[in-house]
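Beneath this line is the structure, given in structure tokens, with notes to follow.
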Amino acid sequence: MKEKLKDNMNGKICLVTGGTNGIGKATAQALARMGATVVIVGRNAPRTAQLVEEIRLASGNQNVDSLLADLSSQQDVRRLADEFKSKYSHLHVLLNNVGAVFIKRQLSVDGIEMTFALNHLAPFLLTNLLLDILKASAPARIINVSSNAHATGKIEFEDLQGERGYSSSVYENSKLANILFTLELARRLEGTGVTANALHPGFVATGFAKNNGKFIAALVSIFAPLVARSPAKGARTPVYLASSPSVEGITGKYFYDSRAIPAAPQASDMAVARKLWEVREEMVHLAEGLPAKT
């Protein structure tokens, strides 16, 4: 028998990236219905504002807000963190949901391959910039969206950005990196009251991959609904991780359908996880990370 989720999240403040579509939108809607203060991160101002009003109306919860940022830009990520902390004194749930796949190799404004910049470096930088407010709000939860695609991913430090040969593997690698990030983050946060977990939402019918042109968008629109689960079903695990008493204190795990499952073997290599942390710190110019635990 499935556990009934906590009826309300009153007093909890949740920040949801990639919140204007798909899993992020469905998660934001669910958390708002549970009474949480929900802050949605979007890139398109009119669309984000419209969604905020929709969720307020549907949930009866007026504590739904938004912040704008292009998370592929490190400058925007830093501005987002500053704006959030200037507006809110607490953060109880950080859902790093933003993500995309790019068929052709593109560079971010920082000169970093876009899939790696958006799917992985953005959550890494944003989380680190918000660690102070998360720890001050403990118990708090960090939730990183990964994918079962991580099982075919690998971390090649000499070619993290797909310069040698660009393919869909960059997406798989970014999702593997998200789990390794989660494991090392959980290790570094031991004893702080802040947990970090990763999840696979399942194959969900969203706007994913539609950024790759009209032809791809048409294919996704036609075929995804035939085989994919709904965004509401895809949001069940992130909502569970954000709200369930059952996962209080649980950290460093990988979840699918609201239960912890083993990740691929390469997703548990702590030596790679620690080295990747150091590499990322340099890539995002993080002045100081969490002190390493021995």
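Letters for chains follow the order of the structure tokens (A, B, ...), residue numbers begin at 1 for each chain, and ligand numbers begin at 1 in the order shown.
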
Near-segment 239-241 of chain A list (9 Å; only C-alpha atoms; drop same-chain fewer than 6 positions) as a ChimeraX atom specification: /A:5-6,27-28,30-31,141-143,197,199,247-248,255,258

With C-alpha atoms kept, could you save the residues just selected as a short mmCIF file (atom, residue, chain, number, x, y, z; two decimals), in the first residue's frame?
```
data_model
loop_
_atom_site.label_atom_id
_atom_site.label_comp_id
_atom_site.auth_asym_id
_atom_site.auth_seq_id
_atom_site.Cartn_x
_atom_site.Cartn_y
_atom_site.Cartn_z
CA LEU A 5 1.75 12.02 1.27
CA LYS A 6 1.67 14.71 3.90
CA THR A 27 5.50 19.34 -9.10
CA ALA A 28 4.95 23.04 -8.47
CA ALA A 30 1.17 19.64 -6.39
CA LEU A 31 3.28 21.40 -3.77
CA ARG A 141 15.94 18.77 1.09
CA ILE A 142 17.82 18.98 -2.20
CA ILE A 143 16.33 16.95 -5.05
CA ASN A 197 18.74 12.70 -3.32
CA LEU A 199 15.61 10.57 -9.04
CA VAL A 247 12.43 10.20 3.53
CA GLU A 248 13.24 12.56 6.40
CA PHE A 255 14.78 7.01 -6.46
CA SER A 258 9.01 6.81 -4.91
#
```

Which of segment 59-290 of chain A fall in alpha helix (DSSP H), as JSON, numbers by chain: {"A": [59, 74, 75, 76, 77, 78, 79, 80, 81, 82, 83, 84, 85, 86, 87, 114, 115, 116, 122, 123, 124, 125, 126, 127, 128, 129, 130, 131, 132, 133, 134, 135, 136, 169, 170, 171, 172, 173, 174, 175, 176, 177, 178, 179, 180, 181, 182, 183, 184, 185, 186, 187, 188, 214, 215, 216, 217, 218, 219, 220, 221, 222, 223, 224, 225, 226, 227, 231, 232, 233, 234, 236, 237, 238, 239, 240, 241, 242, 243, 270, 271, 272, 273, 274, 275, 276, 277, 278, 279, 280, 281, 282, 283]}

Within 8 Å of Arg33 of chain A using only C-alpha atoms, minus same-chain residues under 5 positions, as number ranges by chain: A: 8, 59-61

Could you save those same residues with N, CA and C atoms as a PDB file, in the first residue's frame?
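The file below, part_25.pdb, is the result:
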```pdb
ATOM      1  N   ASN A   8      -0.234  18.647   3.957  1.00  0.00           N
ATOM      2  CA  ASN A   8       0.118  20.029   3.647  1.00  0.00           C
ATOM      3  C   ASN A   8       1.596  20.283   3.876  1.00  0.00           C
ATOM      4  N   SER A  59      -5.012  26.059  -7.141  1.00  0.00           N
ATOM      5  CA  SER A  59      -4.677  25.515  -5.819  1.00  0.00           C
ATOM      6  C   SER A  59      -5.337  26.266  -4.670  1.00  0.00           C
ATOM      7  N   GLY A  60      -5.780  27.486  -4.940  1.00  0.00           N
ATOM      8  CA  GLY A  60      -6.295  28.330  -3.870  1.00  0.00           C
ATOM      9  C   GLY A  60      -5.194  28.846  -2.965  1.00  0.00           C
ATOM     10  N   ASN A  61      -3.959  28.721  -3.412  1.00  0.00           N
ATOM     11  CA  ASN A  61      -2.784  29.135  -2.642  1.00  0.00           C
ATOM     12  C   ASN A  61      -2.173  30.355  -3.319  1.00  0.00           C
TER      13      ASN A  61
END
```

Minimum-distance residue to Lys25 of chain A, chosen among A:Arg188, A:Lys233, A:His285, A:Lys275 (using only C-alpha atoms): A:Lys233

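Excluding Met270 of chain A itself and any same-chain residue fewer than 3 positions from it, the protein and nucleic acid residues within 10 Å of it, counting only C-alpha atoms, are Leu180, Phe181, Leu183, Glu184, Arg187, Gln266, Ala267, Ala273, Arg274, Lys275 and Leu276 of chain A.
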
With N, CA and C atoms retained, write the just-selected residues as a CSV table (one decimal), in the first residue's frame.
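Result written to selection12.csv:
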```csv
chain,number,residue,atom,x,y,z
A,180,LEU,N,26.3,11.5,-9.4
A,180,LEU,CA,27.6,11.6,-8.7
A,180,LEU,C,27.7,12.9,-7.8
A,181,PHE,N,27.1,14.0,-8.4
A,181,PHE,CA,27.0,15.2,-7.6
A,181,PHE,C,26.2,15.0,-6.3
A,183,LEU,N,25.7,12.3,-4.7
A,183,LEU,CA,26.4,11.4,-3.7
A,183,LEU,C,27.4,12.2,-2.9
A,184,GLU,N,28.2,13.0,-3.6
A,184,GLU,CA,29.3,13.8,-3.0
A,184,GLU,C,28.7,14.9,-2.1
A,187,ARG,N,27.4,13.5,1.1
A,187,ARG,CA,28.6,13.2,2.0
A,187,ARG,C,29.0,14.5,2.7
A,266,GLN,N,28.7,2.8,-12.3
A,266,GLN,CA,29.6,3.9,-12.4
A,266,GLN,C,29.0,5.2,-11.7
A,267,ALA,N,27.8,5.1,-11.2
A,267,ALA,CA,27.2,6.2,-10.4
A,267,ALA,C,27.5,6.1,-9.0
A,273,ALA,N,33.4,11.0,-8.2
A,273,ALA,CA,32.5,12.0,-7.7
A,273,ALA,C,33.3,13.2,-7.1
A,274,ARG,N,34.3,12.8,-6.3
A,274,ARG,CA,35.1,13.9,-5.7
A,274,ARG,C,36.0,14.7,-6.7
A,275,LYS,N,36.5,14.0,-7.7
A,275,LYS,CA,37.3,14.7,-8.7
A,275,LYS,C,36.4,15.6,-9.5
A,276,LEU,N,35.2,15.1,-9.9
A,276,LEU,CA,34.3,15.9,-10.7
A,276,LEU,C,33.9,17.1,-9.9
```

Between atom CA of Ile23 of chain A and atom CA of Pro139 of chain A - distance in Å to one decimal: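 About the pair atom CA of Pro139 of chain A and atom CA of Ile23 of chain A: they are 23.9 Å apart.
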
Between atom CA of Lys135 of chain A and atom CA of Pro123 of chain A, distance in Å (one decimal): 16.8 Å

Nearest residue to Val145 of chain A from the set A:Ala235, A:Leu68, A:Leu126, A:Val39 (distances using only C-alpha atoms):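 Checking each of A:Ala235, A:Leu68, A:Leu126, A:Val39 against Val145 of chain A, counting only C-alpha atoms, the winner is A:Ala235.
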
Pick from A:Ile133, A:Leu67, A:Leu176, A:Ala260 nearest to His120 of chain A, counting only C-alpha atoms: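 Looking at the shortest contact to His120 of chain A, the residue is A:Leu176.
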
Sorted by chain and rising residue number, which residues of segment 45-84 of chain A lie within 8 Å of segment 105-113 of chain A, and what are their closest atom pairs and distances in Å to one decimal, counting only C-alpha atoms, as a tab-separated table?
```
residue	atom	partner	partner_atom	distance
A:Ser72	CA	A:Ser108	CA	6.1
A:Ser73	CA	A:Val109	CA	6.1
A:Gln74	CA	A:Asp110	CA	7.1
```

Picked from segment 55-230 of chain A by DSSP as strand (DSSP E or B), as a PyMOL selection string: chain A and resi 64-68+93-96+107+113+140-145+194-200+204+229

Please, could you write that set of residues out with C-alpha atoms as a PDB file, in the first residue's frame?
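Once written, selection-v1.pdb looks like this:
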```pdb
ATOM      1  CA  VAL A  64       3.140  31.081  -5.533  1.00  0.00           C
ATOM      2  CA  ASP A  65       5.887  33.257  -6.927  1.00  0.00           C
ATOM      3  CA  SER A  66       8.410  33.246  -9.752  1.00  0.00           C
ATOM      4  CA  LEU A  67      11.937  34.333 -10.556  1.00  0.00           C
ATOM      5  CA  LEU A  68      13.417  34.659 -14.026  1.00  0.00           C
ATOM      6  CA  VAL A  93      13.152  22.264  -0.706  1.00  0.00           C
ATOM      7  CA  LEU A  94      15.344  22.867  -3.738  1.00  0.00           C
ATOM      8  CA  LEU A  95      14.235  20.906  -6.804  1.00  0.00           C
ATOM      9  CA  ASN A  96      16.889  21.006  -9.525  1.00  0.00           C
ATOM     10  CA  LEU A 107      27.972  26.637 -26.409  1.00  0.00           C
ATOM     11  CA  GLU A 113      28.656  22.881 -24.038  1.00  0.00           C
ATOM     12  CA  ALA A 140      15.856  20.871   4.234  1.00  0.00           C
ATOM     13  CA  ARG A 141      15.941  18.765   1.087  1.00  0.00           C
ATOM     14  CA  ILE A 142      17.816  18.979  -2.203  1.00  0.00           C
ATOM     15  CA  ILE A 143      16.328  16.953  -5.052  1.00  0.00           C
ATOM     16  CA  ASN A 144      18.225  16.456  -8.313  1.00  0.00           C
ATOM     17  CA  VAL A 145      16.436  15.142 -11.394  1.00  0.00           C
ATOM     18  CA  VAL A 194      20.143  18.963   4.714  1.00  0.00           C
ATOM     19  CA  THR A 195      19.612  15.871   2.569  1.00  0.00           C
ATOM     20  CA  ALA A 196      20.355  15.323  -1.122  1.00  0.00           C
ATOM     21  CA  ASN A 197      18.738  12.704  -3.321  1.00  0.00           C
ATOM     22  CA  ALA A 198      18.459  12.047  -7.044  1.00  0.00           C
ATOM     23  CA  LEU A 199      15.605  10.570  -9.041  1.00  0.00           C
ATOM     24  CA  HIS A 200      14.488   9.117 -12.351  1.00  0.00           C
ATOM     25  CA  VAL A 204       7.376  11.662 -19.344  1.00  0.00           C
ATOM     26  CA  ARG A 229       3.584   8.808 -18.605  1.00  0.00           C
TER      27      ARG A 229
END
```

Please identify all polymer residues within 6 Å of segment 75-92 of chain A, counting only C-alpha atoms, omitting same-chain residues fewer than 5 positions from it, and present them as a PDB file with C-alpha atoms, in the first residue's frame.
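The result, stored in result.pdb:
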```pdb
ATOM      1  CA  LYS A  12       7.674  25.241   3.708  1.00  0.00           C
ATOM      2  CA  ILE A  13       9.371  27.231   0.956  1.00  0.00           C
ATOM      3  CA  CYS A  14      10.184  25.346  -2.246  1.00  0.00           C
ATOM      4  CA  ALA A  69      16.738  33.208 -15.118  1.00  0.00           C
ATOM      5  CA  ASP A  70      18.478  31.558 -18.041  1.00  0.00           C
ATOM      6  CA  ILE A 133      20.093  29.322   3.408  1.00  0.00           C
ATOM      7  CA  LEU A 134      19.334  25.603   3.103  1.00  0.00           C
ATOM      8  CA  SER A 137      16.437  26.224   7.206  1.00  0.00           C
ATOM      9  CA  ALA A 140      15.856  20.871   4.234  1.00  0.00           C
TER      10      ALA A 140
END
```
